[in-house]
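Next up, protein19.cif (mmCIF, C-alpha atoms):
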```
data_target
loop_
_atom_site.group_PDB
_atom_site.id
_atom_site.type_symbol
_atom_site.label_atom_id
_atom_site.label_comp_id
_atom_site.auth_asym_id
_atom_site.auth_seq_id
_atom_site.Cartn_x
_atom_site.Cartn_y
_atom_site.Cartn_z
ATOM 1 C CA MET U 1 -32.189 76.066 189.341
ATOM 2 C CA ALA U 2 -28.652 74.781 189.874
ATOM 3 C CA PRO U 3 -26.279 75.069 186.885
ATOM 4 C CA ILE U 4 -26.742 72.213 184.421
ATOM 5 C CA GLY U 5 -23.041 72.147 183.611
ATOM 6 C CA THR U 6 -20.019 74.257 182.739
ATOM 7 C CA LEU U 7 -19.132 76.111 179.550
ATOM 8 C CA TRP U 8 -15.518 77.093 179.006
ATOM 9 C CA GLY U 9 -15.474 79.934 176.510
ATOM 10 C CA VAL U 10 -14.217 83.477 176.119
ATOM 11 C CA ALA U 11 -17.113 85.859 176.761
ATOM 12 C CA ILE U 12 -16.480 87.930 173.612
ATOM 13 C CA GLN U 13 -16.688 84.911 171.330
ATOM 14 C CA ARG U 14 -19.836 84.594 169.236
ATOM 15 C CA GLN U 15 -20.373 80.934 170.114
ATOM 16 C CA SER U 16 -20.203 81.641 173.845
ATOM 17 C CA LYS U 17 -22.736 84.451 173.479
ATOM 18 C CA VAL U 18 -25.197 82.289 171.525
ATOM 19 C CA ILE U 19 -24.922 79.382 173.985
ATOM 20 C CA LEU U 20 -25.282 81.541 177.102
ATOM 21 C CA ALA U 21 -28.106 83.647 175.636
ATOM 22 C CA ALA U 22 -30.079 80.572 174.559
ATOM 23 C CA ALA U 23 -29.644 79.037 178.008
ATOM 24 C CA ALA U 24 -30.774 82.259 179.700
ATOM 25 C CA VAL U 25 -33.892 82.592 177.545
ATOM 26 C CA ALA U 26 -34.731 78.929 178.209
ATOM 27 C CA GLY U 27 -34.370 79.459 181.970
ATOM 28 C CA LEU U 28 -31.228 77.338 182.246
ATOM 29 C CA GLU U 29 -27.998 78.224 184.011
ATOM 30 C CA LEU U 30 -24.452 77.368 182.947
ATOM 31 C CA ASP U 31 -21.296 77.969 184.915
ATOM 32 C CA ASN U 32 -18.952 80.040 182.743
ATOM 33 C CA PRO U 33 -15.572 80.374 184.462
ATOM 34 C CA ALA U 34 -13.111 83.030 183.315
ATOM 35 C CA VAL U 35 -10.657 81.657 180.763
ATOM 36 C CA GLU U 36 -7.602 83.044 179.036
ATOM 37 C CA PHE U 37 -6.799 81.706 175.584
ATOM 38 C CA GLY U 38 -3.429 79.979 175.465
ATOM 39 C CA VAL U 39 -3.286 79.769 179.246
ATOM 40 C CA THR U 40 -6.433 78.162 180.685
ATOM 41 C CA ASN U 41 -6.768 75.698 177.812
ATOM 42 C CA GLN U 42 -3.168 74.525 178.232
ATOM 43 C CA THR U 43 -3.353 73.587 181.899
ATOM 44 C CA PRO U 44 -3.128 69.880 182.809
ATOM 45 C CA GLU U 45 -6.566 70.078 184.450
ATOM 46 C CA TYR U 46 -8.166 71.481 181.282
ATOM 47 C CA LEU U 47 -6.361 69.105 178.928
ATOM 48 C CA GLY U 48 -7.404 66.242 181.153
ATOM 49 C CA LYS U 49 -11.024 67.082 180.330
ATOM 50 C CA PHE U 50 -10.522 68.272 176.729
ATOM 51 C CA PRO U 51 -7.357 66.823 175.155
ATOM 52 C CA TRP U 52 -7.628 69.014 172.028
ATOM 53 C CA GLY U 53 -7.466 72.172 174.156
ATOM 54 C CA SER U 54 -10.335 73.779 172.242
ATOM 55 C CA TYR U 55 -12.882 76.324 173.487
ATOM 56 C CA GLN U 56 -16.651 76.150 173.880
ATOM 57 C CA PRO U 57 -16.516 72.617 175.291
ATOM 58 C CA SER U 58 -18.986 71.832 178.032
ATOM 59 C CA LYS U 59 -19.449 69.327 180.790
ATOM 60 C CA ILE U 60 -23.095 68.312 181.175
ATOM 61 C CA PRO U 61 -23.734 65.664 183.804
ATOM 62 C CA ARG U 62 -26.054 63.516 181.708
ATOM 63 C CA ALA U 63 -27.222 63.064 178.130
ATOM 64 C CA LEU U 64 -28.927 66.286 177.089
ATOM 65 C CA ASN U 65 -31.231 64.538 174.610
ATOM 66 C CA CYS U 66 -33.137 62.788 177.386
ATOM 67 C CA SER U 67 -32.727 65.275 180.194
ATOM 68 C CA LYS U 68 -34.958 67.787 181.920
ATOM 69 C CA GLU U 69 -32.764 70.530 180.459
ATOM 70 C CA ARG U 70 -33.558 69.405 176.910
ATOM 71 C CA GLN U 71 -37.254 69.403 177.801
ATOM 72 C CA LEU U 72 -37.011 72.937 179.195
ATOM 73 C CA LEU U 73 -35.182 74.132 176.093
ATOM 74 C CA ALA U 74 -37.880 72.602 173.914
ATOM 75 C CA MET U 75 -40.671 74.012 176.084
ATOM 76 C CA SER U 76 -39.180 77.496 175.722
ATOM 77 C CA GLY U 77 -39.979 77.390 171.998
ATOM 78 C CA LEU U 78 -36.352 78.027 171.041
ATOM 79 C CA LEU U 79 -36.200 74.724 169.149
ATOM 80 C CA GLY U 80 -39.511 75.308 167.354
ATOM 81 C CA ASN U 81 -42.979 74.003 168.089
ATOM 82 C CA SER U 82 -43.204 71.395 165.346
ATOM 83 C CA ALA U 83 -40.953 69.059 163.383
ATOM 84 C CA ASN U 84 -41.005 71.521 160.491
ATOM 85 C CA GLU U 85 -40.014 74.462 162.707
ATOM 86 C CA ALA U 86 -37.263 72.376 164.342
ATOM 87 C CA ALA U 87 -35.843 71.600 160.896
ATOM 88 C CA LEU U 88 -35.961 75.306 160.008
ATOM 89 C CA VAL U 89 -34.161 76.216 163.253
ATOM 90 C CA ASP U 90 -31.367 73.804 162.301
ATOM 91 C CA GLN U 91 -31.308 75.214 158.779
ATOM 92 C CA TRP U 92 -30.872 78.830 159.890
ATOM 93 C CA VAL U 93 -28.286 78.002 162.565
ATOM 94 C CA HIS U 94 -26.241 76.158 159.945
ATOM 95 C CA PHE U 95 -26.740 78.949 157.395
ATOM 96 C CA GLY U 96 -25.367 81.551 159.798
ATOM 97 C CA GLU U 97 -22.382 79.389 160.670
ATOM 98 C CA SER U 98 -21.431 78.314 157.146
ATOM 99 C CA GLU U 99 -22.398 81.298 154.985
ATOM 100 C CA ILE U 100 -21.738 84.356 157.183
ATOM 101 C CA ALA U 101 -19.575 83.534 160.211
ATOM 102 C CA THR U 102 -17.085 81.566 158.121
ATOM 103 C CA PHE U 103 -16.156 84.643 156.122
ATOM 104 C CA SER U 104 -15.923 86.919 159.139
ATOM 105 C CA TYR U 105 -13.367 84.515 160.573
ATOM 106 C CA GLU U 106 -11.659 84.292 157.188
ATOM 107 C CA THR U 107 -11.373 88.068 156.940
ATOM 108 C CA LEU U 108 -10.070 88.334 160.494
ATOM 109 C CA ALA U 109 -7.468 85.687 159.734
ATOM 110 C CA LEU U 110 -6.477 87.494 156.522
ATOM 111 C CA VAL U 111 -6.000 90.803 158.330
ATOM 112 C CA ALA U 112 -3.967 88.991 160.982
ATOM 113 C CA GLY U 113 -1.700 87.762 158.214
ATOM 114 C CA TYR U 114 -2.169 83.997 158.274
ATOM 115 C CA LEU U 115 -4.644 83.362 155.483
ATOM 116 C CA GLY U 116 -4.686 83.782 151.735
ATOM 117 C CA PRO U 117 -7.374 85.356 149.483
ATOM 118 C CA TYR U 118 -10.826 85.593 151.010
ATOM 119 C CA SER U 119 -14.402 85.617 149.776
ATOM 120 C CA LYS U 120 -16.137 88.761 150.947
ATOM 121 C CA GLU U 121 -18.422 88.392 147.939
ATOM 122 C CA ARG U 122 -19.774 85.087 149.245
ATOM 123 C CA GLN U 123 -20.632 86.667 152.583
ATOM 124 C CA ALA U 124 -22.348 89.545 150.755
ATOM 125 C CA ARG U 125 -24.407 87.034 148.786
ATOM 126 C CA ALA U 126 -25.463 85.299 151.997
ATOM 127 C CA LEU U 127 -26.329 88.585 153.729
ATOM 128 C CA LYS U 128 -28.443 89.598 150.727
ATOM 129 C CA PHE U 129 -30.287 86.281 150.871
ATOM 130 C CA LEU U 130 -30.858 86.661 154.610
ATOM 131 C CA ASP U 131 -32.013 90.252 154.184
ATOM 132 C CA GLU U 132 -34.557 89.246 151.534
ATOM 133 C CA HIS U 133 -35.880 86.429 153.684
ATOM 134 C CA LEU U 134 -36.335 88.746 156.657
ATOM 135 C CA ALA U 135 -38.049 91.309 154.426
ATOM 136 C CA SER U 136 -40.764 88.728 153.810
ATOM 137 C CA SER U 137 -41.216 87.980 157.519
ATOM 138 C CA THR U 138 -44.216 89.695 159.071
ATOM 139 C CA SER U 139 -42.848 89.115 162.584
ATOM 140 C CA GLY U 140 -39.243 90.119 161.934
ATOM 141 C CA PHE U 141 -38.087 86.692 163.113
ATOM 142 C CA LEU U 142 -36.663 83.944 160.920
ATOM 143 C CA ILE U 143 -39.228 81.200 161.317
ATOM 144 C CA ALA U 144 -42.348 82.009 163.292
ATOM 145 C CA ASP U 145 -43.904 84.868 165.240
ATOM 146 C CA ARG U 146 -41.447 84.405 168.104
ATOM 147 C CA MET U 147 -37.754 84.109 168.751
ATOM 148 C CA THR U 148 -36.104 80.717 168.284
ATOM 149 C CA LEU U 149 -32.561 79.443 168.667
ATOM 150 C CA ALA U 150 -32.071 80.243 164.967
ATOM 151 C CA ASP U 151 -32.651 83.943 165.666
ATOM 152 C CA ILE U 152 -30.118 83.979 168.502
ATOM 153 C CA ALA U 153 -27.525 82.141 166.394
ATOM 154 C CA VAL U 154 -27.985 84.419 163.384
ATOM 155 C CA ALA U 155 -27.903 87.526 165.588
ATOM 156 C CA GLY U 156 -24.549 86.268 166.826
ATOM 157 C CA VAL U 157 -23.102 86.090 163.312
ATOM 158 C CA SER U 158 -24.646 89.476 162.453
ATOM 159 C CA GLN U 159 -22.906 91.080 165.421
ATOM 160 C CA GLN U 160 -19.646 89.496 164.352
ATOM 161 C CA ALA U 161 -20.059 90.690 160.756
ATOM 162 C CA GLY U 162 -20.886 94.201 161.971
ATOM 163 C CA ARG U 163 -17.635 94.258 163.897
ATOM 164 C CA ILE U 164 -15.420 92.959 161.082
ATOM 165 C CA THR U 165 -16.787 93.076 157.530
ATOM 166 C CA CYS U 166 -19.851 95.334 157.601
ATOM 167 C CA GLY U 167 -19.275 99.033 158.177
ATOM 168 C CA SER U 168 -22.113 101.533 158.188
ATOM 169 C CA ALA U 169 -22.322 101.532 154.373
ATOM 170 C CA GLU U 170 -22.558 97.742 154.229
ATOM 171 C CA ARG U 171 -25.092 97.585 157.053
ATOM 172 C CA ALA U 172 -27.267 100.029 155.140
ATOM 173 C CA GLN U 173 -27.408 97.483 152.314
ATOM 174 C CA TYR U 174 -28.904 94.885 154.660
ATOM 175 C CA PRO U 175 -31.388 96.840 156.782
ATOM 176 C CA ASN U 176 -33.509 93.807 157.625
ATOM 177 C CA VAL U 177 -30.507 91.796 158.841
ATOM 178 C CA PHE U 178 -29.485 94.456 161.320
ATOM 179 C CA ALA U 179 -33.074 95.264 162.292
ATOM 180 C CA HIS U 180 -33.354 91.559 163.129
ATOM 181 C CA TYR U 181 -30.179 91.854 165.210
ATOM 182 C CA GLU U 182 -31.675 94.776 167.135
ATOM 183 C CA LYS U 183 -34.943 92.898 167.640
ATOM 184 C CA VAL U 184 -33.247 89.792 169.034
ATOM 185 C CA THR U 185 -30.818 91.683 171.252
ATOM 186 C CA ALA U 186 -33.659 93.796 172.637
ATOM 187 C CA HIS U 187 -34.542 90.744 174.719
ATOM 188 C CA PRO U 188 -32.982 91.596 178.095
ATOM 189 C CA LYS U 189 -31.515 88.133 178.625
ATOM 190 C CA VAL U 190 -29.909 88.146 175.176
ATOM 191 C CA LYS U 191 -28.709 91.739 175.629
ATOM 192 C CA ALA U 192 -27.071 90.841 178.927
ATOM 193 C CA VAL U 193 -24.925 88.228 177.177
ATOM 194 C CA PHE U 194 -24.291 89.921 173.811
ATOM 195 C CA GLY U 195 -23.432 93.327 175.263
ATOM 196 C CA GLU U 196 -23.115 96.407 173.057
ATOM 197 C CA ALA U 197 -22.987 96.050 169.281
ATOM 198 C CA GLU U 198 -19.619 97.801 168.901
ATOM 199 C CA PHE U 199 -20.008 97.864 165.121
ATOM 200 C CA VAL U 200 -17.273 99.374 162.971
ATOM 201 C CA GLU U 201 -18.068 102.458 160.909
ATOM 202 C CA ASP U 202 -15.648 101.821 158.063
ATOM 203 C CA CYS U 203 -14.295 98.564 156.684
ATOM 204 C CA ASP U 204 -12.935 99.886 153.371
ATOM 205 C CA GLY U 205 -9.516 98.622 154.312
ATOM 206 C CA ILE U 206 -10.741 95.046 154.533
#
```

Could you spell out this file's structure in structure tokens?
Amino acid sequence: MAPIGTLWGVAIQRQSKVILAAAAVAGLELDNPAVEFGVTNQTPEYLGKFPWGSYQPSKIPRALNCSKERQLLAMSGLLGNSANEAALVDQWVHFGESEIATFSYETLALVAGYLGPYSKERQARALKFLDEHLASSTSGFLIADRMTLADIAVAGVSQQAGRITCGSAERAQYPNVFAHYEKVTAHPKVKAVFGEAEFVEDCDGI
């Protein structure tokens, strides 16, 4: 299949990994040209397409909601197989973004010196909630007995947390979260995009 469009995003970024992994599992292809932050997104050509100069924008040739690509994504099961499952996929994607990833970014910004006090406790609360939910899952996945987009998205925030805020001691507190990460990234198409975990061993200084 020819690429359905182009994604401009740095390969190490969580959002790029989730988008590219979901597309790969669904049997879709996206062009993903090499970009350099502060350089590529400041060129006249780039700003002509995306005036804000942000990353993870995409150019899809037609409305995804009524396209063959949307149908293929749905047929893959990544969006759930019922209205209830689709709602749960949205719920878990949003949970990962707002309750875990937010605080990884916040901590990174704090360490970089351009943010005030942070809320590691709120991330810990969210990880505990996620860990307890996964403990009750007989399949090890978030919603059903198979991987959905929610699993890929949450695995993305888990990898990010393991690289910034969760050292080995913290990861031991959330065994189901990181077992879920291993389960999702065991899929060869996800693994190819996510790469190695590269988790930190100690985050006591954070």

Among the residues U:Leu108, U:Ala172, U:Cys166, U:Val177, the one that comes closest to Phe199 in chain U [using only C-alpha atoms]: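 Under the stated criterion, the closest residue is U:Cys166.
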
Just want the 8 Å neighbourhood of Tyr181 in chain U, counted on only C-alpha atoms, with same-chain residues fewer than 3 positions away dropped. Output as a ChimeraX atom specification. /U:154-155,158-159,177-178,184-185

Neighbours of Arg146 in chain U within 10 Å (all atoms listed in the file; same-chain residues fewer than 2 positions away dropped), as an NGL selection string? :U and (77-78 or 80 or 139-144 or 148 or 151 or 184)

CA of Gly195 in chain U and CA of Ile12 in chain U are how many Å apart?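 The value is 9.0 Å.
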
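Note that the spacing between CA of Gly96 in chain U and CA of Val157 in chain U amounts to 6.2 Å.
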
Give the answer as one residue: which of U:Ala192, U:Val35, U:Ala135, U:Ala150 has the shortest atom-to-atom distance to Ala179 in chain U, using all atoms listed in the file? U:Ala135

Could you list, as a ChimeraX atom specification, every residue matched by the PyMOL selection byres ((chain U and resi 11) around 10) in this structure? /U:8-10,12-17,20,32-35,193-195
